[in-house]
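Input: a single structure, listed below in structure tokens.
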Amino acid sequence: MAYVIGIDTGGTFTDAFVADQHNRLAAAKTPSTPPDFATGFLTAIDELAAELGIPVRELLANTDYLVHGTTSTLNALVTGDVAQVGFLTTRGHADSISIMNLEGRYAGLGSDDIQHMARTAKPASLVPRHRIREIDERVDYQGRVVVPLDEDGVRTAVRDLLADGAEAIAVSLLWSFRNPAHEQRVRAIVREEAPEVYVALSSEVSPRIREYPRNVTTIMNTQVGPRLGSYLRPLEAELRERGLTGALLVMQGSGGCVTAADAPAHAITTIGSVLTGGVVGCTRMAASLGHDKVISTDMGGTTFLVGLVVDGKPVTTTSTILNQYTISTPMVDVHTIGAGGGAIAWVDLGGNLRVGPRSAGARPGPACYGEGGWEPTVTDADLVLGIINPDNFLGGRKKLDVQLSRDAIDKVVATPLGMSVEDAAAAIYAIQNAQTADLVRKVVVNSGQDPRDFTLYAFGGAGPMHCASYSADLGVKEVVVPLGSTAAVFSAYGLAASDIVLTAEQSQPVAMPVAAETANEVFTGLERELERRLAEQGLTFSAISYEREADIRYTMQLAEVATPVPGGELSDESVEQLGRDFEASYEALYGKGSGFPDAGLQLITYRVRATGILQIQPELPEHGTLPGNPATSGEREVLLDVRTGRQPAAIYDYRALGAGHEIEGPAVVEAPTTTVALPPGTQATVDRLGNLVIRFPERKEHS
């Protein structure tokens with residue numbers, strides 16, 4: 001028996017999924033265990049073995065690979081629990097990370113915050129000034145050495161940084177992506193001085209033009225690389241002790257994984273690790289259901305995540321912003337807000353009700369958990385409104401206390417605002433749905449797409465309770481709630497279904513049309529680099545594929561658009577077509593007539609993405625059919641629409657539903673790991689995979 005396992009460690013719950021080569025599936029959901037997340041990880045494996053009815057050692061001994069989505073790097077950067085980094089850069093450029101390209105006060109902030117510039121501030125410096133050293137060297141834009149590397153000066157700088165407490169060294173020199181020789185020599189000197197010290201080079205971490213984001217990316221990679229290694233090494237050792245014989249893989253923000261041994265060297269690529277599993281799962285399921293455009297929405301206990309799948313592929317981005325710093329690393333474009341089931345409701349100084357972004361997390365959790373939480377959360381509101389059955393939370397494994405929820409809402413929201421507890425809970429529910437809908441709309445429209453062309457997938461423990469409401473005014477075709485064997489562990493399924501994905505890029509700015517010979521040479525070199533890295537993973541692939549793209553811009557603009565490039569030998573004609581493809585993409589993003597062809601075009605960065613297809617690909621099984629109409633398991637008063645208030649809703653046990661069964665709202669479907677709310681006016685059908693497909697029959701179809 002050969003198994004694949006996916007384990008997604010979130011801020012509140014740890015989700016686990018397992019499949020074997022015969023498509024036998026099992027899932028488990030356990031509380032996360034901060035700060036020692038490894039404990040929750042290992043508990044999830046115990047739960048999977050119990051679900052399969054086999055010993056843990058037998059499960060792990062027959063596991064081909066285990067894919068881990070971890071919050072380790074993201075949490076470290078957000079909380080500041082990172083390695084003390086020393087930074088080496090070219091003489092005269094020590095202040096680039098504090099100047100922040102003049103964007104530090106507003107990068108990543110919403111429009112409301114930017115409008116109040118006096119209240120904005122730069123984030124804390126990534127590296128204190130006393131742990132930055134400038135070294136004498138210079139490479140020009142063509143990669144020619146203008147000033148030789150002062151090796152004695154480098155050695156002195158390294159010794160100073162180590163004496164000052166640096167635990168790791170980040171190296172980012174000017175134009176090193178055109179000629180990395182100086183950076184490579186600096187690393188050799190560091191290893192001569194301190195062989196065990198972690199070193200990262202910008203020419204390997206982010207070989208892309210623009211000094212500031214390249215510096216930031218290299219420094220952040222250096223901050224979290226040692227921590228990721230110190231988390232993964234003992235975890236892998238414990239798994240080996242328990243019997244794991246296959247590979248431990250780590251999910252990346254790019255939508256694919258790497259081996260645990262390779263991950264620390266490219267640690268920055270894992271910051272989106274727990275954000276992308278769901279998007280990968282949506283991609284797999286969309287291929288099975290024939291959906292070419294999907295909005296992926298994942299509402300867990302802490303966050304609400306939104307990503308897109310277009311033409312069967314996750315939408316990616318070449319950079320992201322974290323803590324107001326710009327990071328240059330390709331990843332699936334996932335947007336997040338603090339609006340999960342554990343999002344805390346509170347009243348601000350102006351008397352306005354807010355929901356999130358703070359979360360009750362796994363501990364103490366919502367008030368209804370009875371574990372010391374006293375602030376009301378979205379989950380508490382769902383419980384008071386009758387959506388959640390207090391005796392059937394997580395399949396009955398955890399009993400919830402309705403009175404604790406009512407008391408928390410009364411104290412923090414209802415009494416201060418002069419409302420009843422019921423009305424306060426309804427207001428929390430409505431605000432939660434409105435802010436999640438706003439994020440979905442923003443993500444889709446900003447990508448140049450129309451929500452009415454999409455199917456929305458809703459998963460995570462809390463997502464199915466709210467999806468029909470936050471989807472109602474978006475105009476999406478339909479809402480799919482994965483309720484088969486994946487249910488509330490859909491992200492973990494996505495991890496198990498992922499492949500090895502590696503990316504290589506190289507900036508070589510040039511006016512277009514670039515010579516086909518030059519483009520072929522660069523792409524071939526990148527593919528050879530990826531071929532080597534794939535071989536280093538030590539895994540067997542059923543197939544390997546390469547995808548190319550180029551970042552192109554109008555001359556003198558600052559923002560590029562990633563444009564797909566065909567594989568194989570490029571001709572001058574195909575390079576010219578690439579320019580036309582860029583202009584079409586630019587218009588789709590920014591509107592007809594927004595381009596300026598007379599300015600000319602520039603190709604800035606070449607990029608190749610390699611995918612190694614792993615041999616076991618979990619397939620979701622067909623859901624069985626059951627005769628007759630679905631039988632209800634009862635009825636209760638539920639508030640599913642603030643406009644209609646409480647009304648009787650039919651309650652269905654998902655386990656009694658078969659493919660083809662239809663349900664009309666108002667209704668509630670209770671599954672072992674989640675609950676689906678169907679407001680009045682909605683209709684739902686169980687599809688062939690066991691998903692609940694929600695439609696809005698009163699809505700006019702988009703033509």
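In the structure tokens, each chain is lettered A, B, ... as it comes, each chain's residues begin at 1, and ligands are numbered from 1 in order of appearance.
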
Rows by chain and residue number, region 121-148 of chain A within 12 Å of region 496-517 of chain A, shortest pair, only C-alpha atoms, as CSV:
```
residue,atom,partner,partner_atom,distance
A:Tyr141,CA,A:Gln508,CA,9.0
A:Gln142,CA,A:Gln508,CA,8.7
A:Gly143,CA,A:Gln508,CA,10.1
```

Write out as a PDB file with all heavy atoms, in the first residue's frame each polymer residue whose atoms come within 10 Å of Thr317 (chain A), counting only C-alpha atoms; drop sequence neighbours fewer than 5 positions from it.
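See part_32.pdb below for the written result:
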```pdb
ATOM      1  N   SER A 254       4.377  29.183  -4.580  1.00  0.00           N
ATOM      2  CA  SER A 254       4.238  29.082  -6.035  1.00  0.00           C
ATOM      3  C   SER A 254       3.188  28.064  -6.453  1.00  0.00           C
ATOM      4  O   SER A 254       2.853  27.961  -7.628  1.00  0.00           O
ATOM      5  CB  SER A 254       5.581  28.690  -6.658  1.00  0.00           C
ATOM      6  OG  SER A 254       5.990  27.418  -6.179  1.00  0.00           O
ATOM      7  N   SER A 328      10.222  40.046  -3.941  1.00  0.00           N
ATOM      8  CA  SER A 328      10.230  39.576  -5.326  1.00  0.00           C
ATOM      9  C   SER A 328      10.385  38.065  -5.350  1.00  0.00           C
ATOM     10  O   SER A 328      11.507  37.546  -5.371  1.00  0.00           O
ATOM     11  CB  SER A 328      11.364  40.239  -6.117  1.00  0.00           C
ATOM     12  OG  SER A 328      11.142  41.621  -6.246  1.00  0.00           O
ATOM     13  N   THR A 329       9.274  37.369  -5.321  1.00  0.00           N
ATOM     14  CA  THR A 329       9.308  35.913  -5.480  1.00  0.00           C
ATOM     15  C   THR A 329       7.990  35.473  -6.099  1.00  0.00           C
ATOM     16  O   THR A 329       6.920  35.917  -5.673  1.00  0.00           O
ATOM     17  CB  THR A 329       9.547  35.200  -4.136  1.00  0.00           C
ATOM     18  OG1 THR A 329       9.704  33.800  -4.360  1.00  0.00           O
ATOM     19  CG2 THR A 329       8.423  35.428  -3.163  1.00  0.00           C
ATOM     20  N   PRO A 330       8.032  34.657  -7.150  1.00  0.00           N
ATOM     21  CA  PRO A 330       6.792  34.224  -7.799  1.00  0.00           C
ATOM     22  C   PRO A 330       5.953  33.364  -6.854  1.00  0.00           C
ATOM     23  O   PRO A 330       6.482  32.484  -6.169  1.00  0.00           O
ATOM     24  CB  PRO A 330       7.290  33.400  -8.997  1.00  0.00           C
ATOM     25  CG  PRO A 330       8.717  33.812  -9.192  1.00  0.00           C
ATOM     26  CD  PRO A 330       9.224  34.139  -7.836  1.00  0.00           C
ATOM     27  N   MET A 331       4.651  33.621  -6.811  1.00  0.00           N
ATOM     28  CA  MET A 331       3.771  32.804  -5.993  1.00  0.00           C
ATOM     29  C   MET A 331       2.338  32.922  -6.492  1.00  0.00           C
ATOM     30  O   MET A 331       2.000  33.835  -7.249  1.00  0.00           O
ATOM     31  CB  MET A 331       3.855  33.202  -4.525  1.00  0.00           C
ATOM     32  CG  MET A 331       3.429  34.610  -4.185  1.00  0.00           C
ATOM     33  SD  MET A 331       3.482  34.921  -2.400  1.00  0.00           S
ATOM     34  CE  MET A 331       5.194  34.601  -2.041  1.00  0.00           C
ATOM     35  N   VAL A 332       1.513  31.967  -6.067  1.00  0.00           N
ATOM     36  CA  VAL A 332       0.096  32.045  -6.378  1.00  0.00           C
ATOM     37  C   VAL A 332      -0.448  33.313  -5.750  1.00  0.00           C
ATOM     38  O   VAL A 332      -0.138  33.644  -4.600  1.00  0.00           O
ATOM     39  CB  VAL A 332      -0.641  30.802  -5.842  1.00  0.00           C
ATOM     40  CG1 VAL A 332      -2.145  30.950  -6.035  1.00  0.00           C
ATOM     41  CG2 VAL A 332      -0.150  29.546  -6.554  1.00  0.00           C
ATOM     42  N   ASP A 333      -1.244  34.057  -6.497  1.00  0.00           N
ATOM     43  CA  ASP A 333      -1.752  35.349  -6.030  1.00  0.00           C
ATOM     44  C   ASP A 333      -2.935  35.114  -5.098  1.00  0.00           C
ATOM     45  O   ASP A 333      -4.076  34.969  -5.536  1.00  0.00           O
ATOM     46  CB  ASP A 333      -2.172  36.196  -7.236  1.00  0.00           C
ATOM     47  CG  ASP A 333      -2.369  37.653  -6.862  1.00  0.00           C
ATOM     48  OD1 ASP A 333      -2.001  38.034  -5.740  1.00  0.00           O
ATOM     49  OD2 ASP A 333      -2.902  38.420  -7.697  1.00  0.00           O
ATOM     50  N   VAL A 334      -2.658  35.060  -3.801  1.00  0.00           N
ATOM     51  CA  VAL A 334      -3.687  34.824  -2.792  1.00  0.00           C
ATOM     52  C   VAL A 334      -3.808  36.065  -1.919  1.00  0.00           C
ATOM     53  O   VAL A 334      -2.810  36.587  -1.428  1.00  0.00           O
ATOM     54  CB  VAL A 334      -3.352  33.596  -1.922  1.00  0.00           C
ATOM     55  CG1 VAL A 334      -4.394  33.415  -0.824  1.00  0.00           C
ATOM     56  CG2 VAL A 334      -3.280  32.341  -2.779  1.00  0.00           C
ATOM     57  N   VAL A 561       4.155  43.330 -17.014  1.00  0.00           N
ATOM     58  CA  VAL A 561       3.097  42.323 -17.083  1.00  0.00           C
ATOM     59  C   VAL A 561       3.747  41.007 -17.505  1.00  0.00           C
ATOM     60  O   VAL A 561       4.440  40.941 -18.518  1.00  0.00           O
ATOM     61  CB  VAL A 561       2.006  42.720 -18.092  1.00  0.00           C
ATOM     62  CG1 VAL A 561       0.997  41.593 -18.262  1.00  0.00           C
ATOM     63  CG2 VAL A 561       1.307  43.999 -17.640  1.00  0.00           C
ATOM     64  N   ALA A 562       3.534  39.975 -16.688  1.00  0.00           N
ATOM     65  CA  ALA A 562       4.070  38.654 -17.023  1.00  0.00           C
ATOM     66  C   ALA A 562       3.304  38.090 -18.212  1.00  0.00           C
ATOM     67  O   ALA A 562       2.078  37.943 -18.166  1.00  0.00           O
ATOM     68  CB  ALA A 562       3.953  37.720 -15.823  1.00  0.00           C
TER      69      ALA A 562
END
```

Excluding same-chain residues fewer than 4 positions from Lys293 (chain A), what lies within 12 Å of it counting only C-alpha atoms, as a JSON list (two decimals) with N, CA and C atoms, in the first residue's frame?
```
[["chain", "number", "residue", "atom", "x", "y", "z"],
["A", 279, "VAL", "N", -5.98, 26.64, -3.33],
["A", 279, "VAL", "CA", -6.04, 27.01, -4.74],
["A", 279, "VAL", "C", -5.64, 25.82, -5.61],
["A", 282, "CYS", "N", -8.53, 23.50, -5.69],
["A", 282, "CYS", "CA", -9.55, 24.01, -6.63],
["A", 282, "CYS", "C", -9.17, 23.70, -8.07],
["A", 283, "THR", "N", -7.89, 23.85, -8.39],
["A", 283, "THR", "CA", -7.42, 23.58, -9.75],
["A", 283, "THR", "C", -7.68, 22.13, -10.12],
["A", 285, "MET", "N", -9.91, 20.01, -8.71],
["A", 285, "MET", "CA", -11.34, 19.73, -8.79],
["A", 285, "MET", "C", -11.97, 20.39, -10.00],
["A", 286, "ALA", "N", -11.53, 21.61, -10.32],
["A", 286, "ALA", "CA", -12.09, 22.31, -11.48],
["A", 286, "ALA", "C", -11.84, 21.52, -12.76],
["A", 287, "ALA", "N", -10.67, 20.88, -12.87],
["A", 287, "ALA", "CA", -10.38, 20.07, -14.05],
["A", 287, "ALA", "C", -11.36, 18.91, -14.15],
["A", 289, "LEU", "N", -14.44, 18.83, -12.88],
["A", 289, "LEU", "CA", -15.82, 19.30, -13.07],
["A", 289, "LEU", "C", -16.00, 20.14, -14.33],
["A", 307, "GLY", "N", -8.23, 33.34, -3.97],
["A", 307, "GLY", "CA", -7.34, 33.17, -5.11],
["A", 307, "GLY", "C", -8.17, 32.86, -6.35],
["A", 308, "LEU", "N", -7.54, 32.89, -7.51],
["A", 308, "LEU", "CA", -8.25, 32.65, -8.77],
["A", 308, "LEU", "C", -7.60, 31.53, -9.56],
["A", 309, "VAL", "N", -8.45, 30.78, -10.27],
["A", 309, "VAL", "CA", -8.00, 29.82, -11.27],
["A", 309, "VAL", "C", -8.61, 30.26, -12.59],
["A", 310, "VAL", "N", -7.78, 30.53, -13.58],
["A", 310, "VAL", "CA", -8.24, 30.99, -14.89],
["A", 310, "VAL", "C", -7.64, 30.09, -15.97],
["A", 311, "ASP", "N", -8.50, 29.60, -16.84],
["A", 311, "ASP", "CA", -8.08, 28.68, -17.90],
["A", 311, "ASP", "C", -7.35, 27.46, -17.32],
["A", 312, "GLY", "N", -7.84, 27.01, -16.17],
["A", 312, "GLY", "CA", -7.32, 25.79, -15.57],
["A", 312, "GLY", "C", -6.02, 25.94, -14.80],
["A", 313, "LYS", "N", -5.52, 27.19, -14.62],
["A", 313, "LYS", "CA", -4.26, 27.40, -13.91],
["A", 313, "LYS", "C", -4.42, 28.47, -12.84],
["A", 314, "PRO", "N", -3.75, 28.29, -11.69],
["A", 314, "PRO", "CA", -3.80, 29.34, -10.66],
["A", 314, "PRO", "C", -3.22, 30.65, -11.19],
["A", 315, "VAL", "N", -3.85, 31.75, -10.84],
["A", 315, "VAL", "CA", -3.31, 33.06, -11.19],
["A", 315, "VAL", "C", -2.15, 33.35, -10.24],
["A", 444, "VAL", "N", -11.22, 39.86, -8.01],
["A", 444, "VAL", "CA", -11.63, 39.48, -9.36],
["A", 444, "VAL", "C", -11.56, 40.68, -10.30],
["A", 449, "GLN", "N", -11.08, 40.74, -14.60],
["A", 449, "GLN", "CA", -12.09, 39.72, -14.87],
["A", 449, "GLN", "C", -13.47, 40.17, -14.38],
["A", 450, "ASP", "N", -14.50, 39.45, -14.79],
["A", 450, "ASP", "CA", -15.88, 39.70, -14.39],
["A", 450, "ASP", "C", -16.33, 38.55, -13.50],
["A", 451, "PRO", "N", -16.76, 38.82, -12.25],
["A", 451, "PRO", "CA", -17.19, 37.74, -11.36],
["A", 451, "PRO", "C", -18.27, 36.85, -11.95],
["A", 452, "ARG", "N", -19.08, 37.39, -12.86],
["A", 452, "ARG", "CA", -20.19, 36.61, -13.42],
["A", 452, "ARG", "C", -19.72, 35.49, -14.34],
["A", 453, "ASP", "N", -18.43, 35.52, -14.68],
["A", 453, "ASP", "CA", -17.88, 34.45, -15.52],
["A", 453, "ASP", "C", -17.31, 33.30, -14.69],
["A", 454, "PHE", "N", -17.39, 33.39, -13.37],
["A", 454, "PHE", "CA", -16.72, 32.45, -12.49],
["A", 454, "PHE", "C", -17.69, 31.55, -11.72],
["A", 455, "THR", "N", -17.17, 30.39, -11.34],
["A", 455, "THR", "CA", -17.78, 29.55, -10.32],
["A", 455, "THR", "C", -16.98, 29.76, -9.05],
["A", 456, "LEU", "N", -17.66, 29.89, -7.93],
["A", 456, "LEU", "CA", -16.98, 30.12, -6.65],
["A", 456, "LEU", "C", -16.93, 28.82, -5.85],
["A", 457, "TYR", "N", -15.73, 28.47, -5.36],
["A", 457, "TYR", "CA", -15.56, 27.31, -4.49],
["A", 457, "TYR", "C", -15.40, 27.84, -3.06],
["A", 476, "VAL", "N", -21.82, 35.42, -9.37],
["A", 476, "VAL", "CA", -21.13, 34.21, -9.83],
["A", 476, "VAL", "C", -22.13, 33.19, -10.35],
["A", 477, "LYS", "N", -21.65, 32.30, -11.22],
["A", 477, "LYS", "CA", -22.53, 31.31, -11.83],
["A", 477, "LYS", "C", -23.15, 30.39, -10.79],
["A", 478, "GLU", "N", -22.31, 29.88, -9.91],
["A", 478, "GLU", "CA", -22.76, 28.97, -8.87],
["A", 478, "GLU", "C", -21.68, 28.86, -7.82]]
```

> Which one is closest to Gly690 (chain A): A:Val481, A:Ala339, A:Ala2, A:Val18? Count only C-alpha atoms.
Replying inline: A:Val481

> What residues in region 373-526 of chain A get the DSSP label helix (DSSP H, G or I)? Please answer as a VMD selection string.
Replying inline: chain A and resid 378 to 384 394 to 396 402 to 417 421 to 446 451 to 453 463 to 471 487 to 496 516 to 526

Could you write those residues out with C-alpha atoms, as a PDB file, in the first residue's frame?
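The result, written out as result_15.pdb:
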```pdb
ATOM      1  CA  VAL A 378     -18.001  35.054  14.138  1.00  0.00           C
ATOM      2  CA  THR A 379     -18.380  31.455  15.328  1.00  0.00           C
ATOM      3  CA  ASP A 380     -20.190  32.698  18.440  1.00  0.00           C
ATOM      4  CA  ALA A 381     -22.571  34.704  16.226  1.00  0.00           C
ATOM      5  CA  ASP A 382     -23.188  31.678  13.974  1.00  0.00           C
ATOM      6  CA  LEU A 383     -24.020  29.633  17.061  1.00  0.00           C
ATOM      7  CA  VAL A 384     -26.438  32.208  18.488  1.00  0.00           C
ATOM      8  CA  LEU A 394     -16.643  18.823  14.392  1.00  0.00           C
ATOM      9  CA  GLY A 395     -18.973  15.842  14.107  1.00  0.00           C
ATOM     10  CA  GLY A 396     -19.885  16.007  17.795  1.00  0.00           C
ATOM     11  CA  VAL A 402     -24.467  28.786  23.502  1.00  0.00           C
ATOM     12  CA  GLN A 403     -24.814  30.743  26.736  1.00  0.00           C
ATOM     13  CA  LEU A 404     -21.117  31.651  26.735  1.00  0.00           C
ATOM     14  CA  SER A 405     -21.547  33.009  23.191  1.00  0.00           C
ATOM     15  CA  ARG A 406     -24.605  35.035  24.209  1.00  0.00           C
ATOM     16  CA  ASP A 407     -22.814  36.447  27.250  1.00  0.00           C
ATOM     17  CA  ALA A 408     -19.771  37.482  25.190  1.00  0.00           C
ATOM     18  CA  ILE A 409     -21.869  39.154  22.484  1.00  0.00           C
ATOM     19  CA  ASP A 410     -24.006  40.880  25.118  1.00  0.00           C
ATOM     20  CA  LYS A 411     -21.046  42.286  27.042  1.00  0.00           C
ATOM     21  CA  VAL A 412     -18.860  43.411  24.145  1.00  0.00           C
ATOM     22  CA  VAL A 413     -21.365  44.327  21.409  1.00  0.00           C
ATOM     23  CA  ALA A 414     -25.055  44.286  22.365  1.00  0.00           C
ATOM     24  CA  THR A 415     -24.967  46.330  25.586  1.00  0.00           C
ATOM     25  CA  PRO A 416     -22.505  49.009  24.322  1.00  0.00           C
ATOM     26  CA  LEU A 417     -24.610  49.492  21.172  1.00  0.00           C
ATOM     27  CA  VAL A 421     -28.084  39.825  21.591  1.00  0.00           C
ATOM     28  CA  GLU A 422     -29.942  38.444  18.551  1.00  0.00           C
ATOM     29  CA  ASP A 423     -29.603  41.698  16.628  1.00  0.00           C
ATOM     30  CA  ALA A 424     -25.940  42.017  17.575  1.00  0.00           C
ATOM     31  CA  ALA A 425     -25.237  38.475  16.342  1.00  0.00           C
ATOM     32  CA  ALA A 426     -27.086  39.243  13.092  1.00  0.00           C
ATOM     33  CA  ALA A 427     -25.006  42.416  12.658  1.00  0.00           C
ATOM     34  CA  ILE A 428     -21.762  40.451  13.161  1.00  0.00           C
ATOM     35  CA  TYR A 429     -22.963  37.929  10.575  1.00  0.00           C
ATOM     36  CA  ALA A 430     -23.856  40.675   8.068  1.00  0.00           C
ATOM     37  CA  ILE A 431     -20.556  42.559   8.492  1.00  0.00           C
ATOM     38  CA  GLN A 432     -18.568  39.361   8.112  1.00  0.00           C
ATOM     39  CA  ASN A 433     -20.368  38.531   4.860  1.00  0.00           C
ATOM     40  CA  ALA A 434     -20.017  42.079   3.514  1.00  0.00           C
ATOM     41  CA  GLN A 435     -16.267  42.364   4.091  1.00  0.00           C
ATOM     42  CA  THR A 436     -15.552  38.943   2.635  1.00  0.00           C
ATOM     43  CA  ALA A 437     -17.679  39.767  -0.434  1.00  0.00           C
ATOM     44  CA  ASP A 438     -15.758  43.037  -0.828  1.00  0.00           C
ATOM     45  CA  LEU A 439     -12.444  41.184  -0.908  1.00  0.00           C
ATOM     46  CA  VAL A 440     -13.700  38.689  -3.505  1.00  0.00           C
ATOM     47  CA  ARG A 441     -15.010  41.477  -5.719  1.00  0.00           C
ATOM     48  CA  LYS A 442     -11.773  43.450  -5.427  1.00  0.00           C
ATOM     49  CA  VAL A 443      -9.590  40.455  -6.306  1.00  0.00           C
ATOM     50  CA  VAL A 444     -11.627  39.484  -9.357  1.00  0.00           C
ATOM     51  CA  VAL A 445     -12.166  42.983 -10.764  1.00  0.00           C
ATOM     52  CA  ASN A 446      -8.551  44.059 -10.180  1.00  0.00           C
ATOM     53  CA  PRO A 451     -17.188  37.741 -11.355  1.00  0.00           C
ATOM     54  CA  ARG A 452     -20.191  36.611 -13.420  1.00  0.00           C
ATOM     55  CA  ASP A 453     -17.880  34.451 -15.518  1.00  0.00           C
ATOM     56  CA  GLY A 463     -16.570  29.032   4.645  1.00  0.00           C
ATOM     57  CA  PRO A 464     -19.664  26.899   3.906  1.00  0.00           C
ATOM     58  CA  MET A 465     -21.624  28.697   6.657  1.00  0.00           C
ATOM     59  CA  HIS A 466     -21.213  32.044   4.901  1.00  0.00           C
ATOM     60  CA  CYS A 467     -20.552  31.362   1.210  1.00  0.00           C
ATOM     61  CA  ALA A 468     -24.136  31.662  -0.071  1.00  0.00           C
ATOM     62  CA  SER A 469     -24.416  35.043   1.647  1.00  0.00           C
ATOM     63  CA  TYR A 470     -21.095  36.549   0.549  1.00  0.00           C
ATOM     64  CA  SER A 471     -21.651  35.219  -2.989  1.00  0.00           C
ATOM     65  CA  ALA A 487     -14.869  18.666   3.312  1.00  0.00           C
ATOM     66  CA  ALA A 488     -13.189  21.083   5.740  1.00  0.00           C
ATOM     67  CA  VAL A 489      -9.666  19.792   4.941  1.00  0.00           C
ATOM     68  CA  PHE A 490      -9.749  20.865   1.312  1.00  0.00           C
ATOM     69  CA  SER A 491      -6.439  22.736   1.584  1.00  0.00           C
ATOM     70  CA  ALA A 492      -4.774  19.579   2.888  1.00  0.00           C
ATOM     71  CA  TYR A 493      -6.180  17.712  -0.127  1.00  0.00           C
ATOM     72  CA  GLY A 494      -4.613  20.388  -2.338  1.00  0.00           C
ATOM     73  CA  LEU A 495      -1.257  19.789  -0.673  1.00  0.00           C
ATOM     74  CA  ALA A 496      -1.467  16.031  -1.235  1.00  0.00           C
ATOM     75  CA  ALA A 516      15.427  35.273 -30.912  1.00  0.00           C
ATOM     76  CA  GLU A 517      18.924  33.838 -30.449  1.00  0.00           C
ATOM     77  CA  THR A 518      19.336  35.763 -27.163  1.00  0.00           C
ATOM     78  CA  ALA A 519      15.932  34.723 -25.834  1.00  0.00           C
ATOM     79  CA  ASN A 520      16.567  31.077 -26.695  1.00  0.00           C
ATOM     80  CA  GLU A 521      19.935  31.159 -24.936  1.00  0.00           C
ATOM     81  CA  VAL A 522      18.472  32.606 -21.719  1.00  0.00           C
ATOM     82  CA  PHE A 523      15.471  30.268 -21.604  1.00  0.00           C
ATOM     83  CA  THR A 524      17.665  27.240 -22.308  1.00  0.00           C
ATOM     84  CA  GLY A 525      20.005  28.233 -19.484  1.00  0.00           C
ATOM     85  CA  LEU A 526      17.106  28.608 -17.034  1.00  0.00           C
TER      86      LEU A 526
END
```

Which neighbours of Asp687 (chain A) fall inside 8 Å, counting only C-alpha atoms, when residues of the same chain fewer than 5 positions from it are skipped, and could you give them as a compact mmCIF listing (two decimals) with N, CA, C and O atoms, in the first residue's frame?
```
# COMPACT_ATOMS: atom_id res chain seq x y z
N HIS A 623 -19.52 10.11 -5.72
CA HIS A 623 -20.40 10.01 -4.56
C HIS A 623 -21.57 9.09 -4.91
O HIS A 623 -22.11 9.14 -6.01
N ALA A 659 -25.81 11.61 -4.62
CA ALA A 659 -25.67 12.40 -5.84
C ALA A 659 -27.04 12.60 -6.49
O ALA A 659 -27.83 11.66 -6.61
N GLY A 660 -27.32 13.84 -6.87
CA GLY A 660 -28.60 14.16 -7.50
C GLY A 660 -29.64 14.69 -6.55
O GLY A 660 -30.65 15.25 -6.99
N LEU A 692 -21.76 20.04 -2.69
CA LEU A 692 -23.06 20.72 -2.69
C LEU A 692 -22.93 21.93 -3.60
O LEU A 692 -22.12 22.83 -3.35
N VAL A 693 -23.71 21.96 -4.68
CA VAL A 693 -23.64 23.04 -5.66
C VAL A 693 -24.83 23.97 -5.43
O VAL A 693 -25.99 23.58 -5.57
```

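Reported to one decimal place, the separation of CA of Leu305 (chain A) from CA of Arg208 (chain A) is 27.9 Å.
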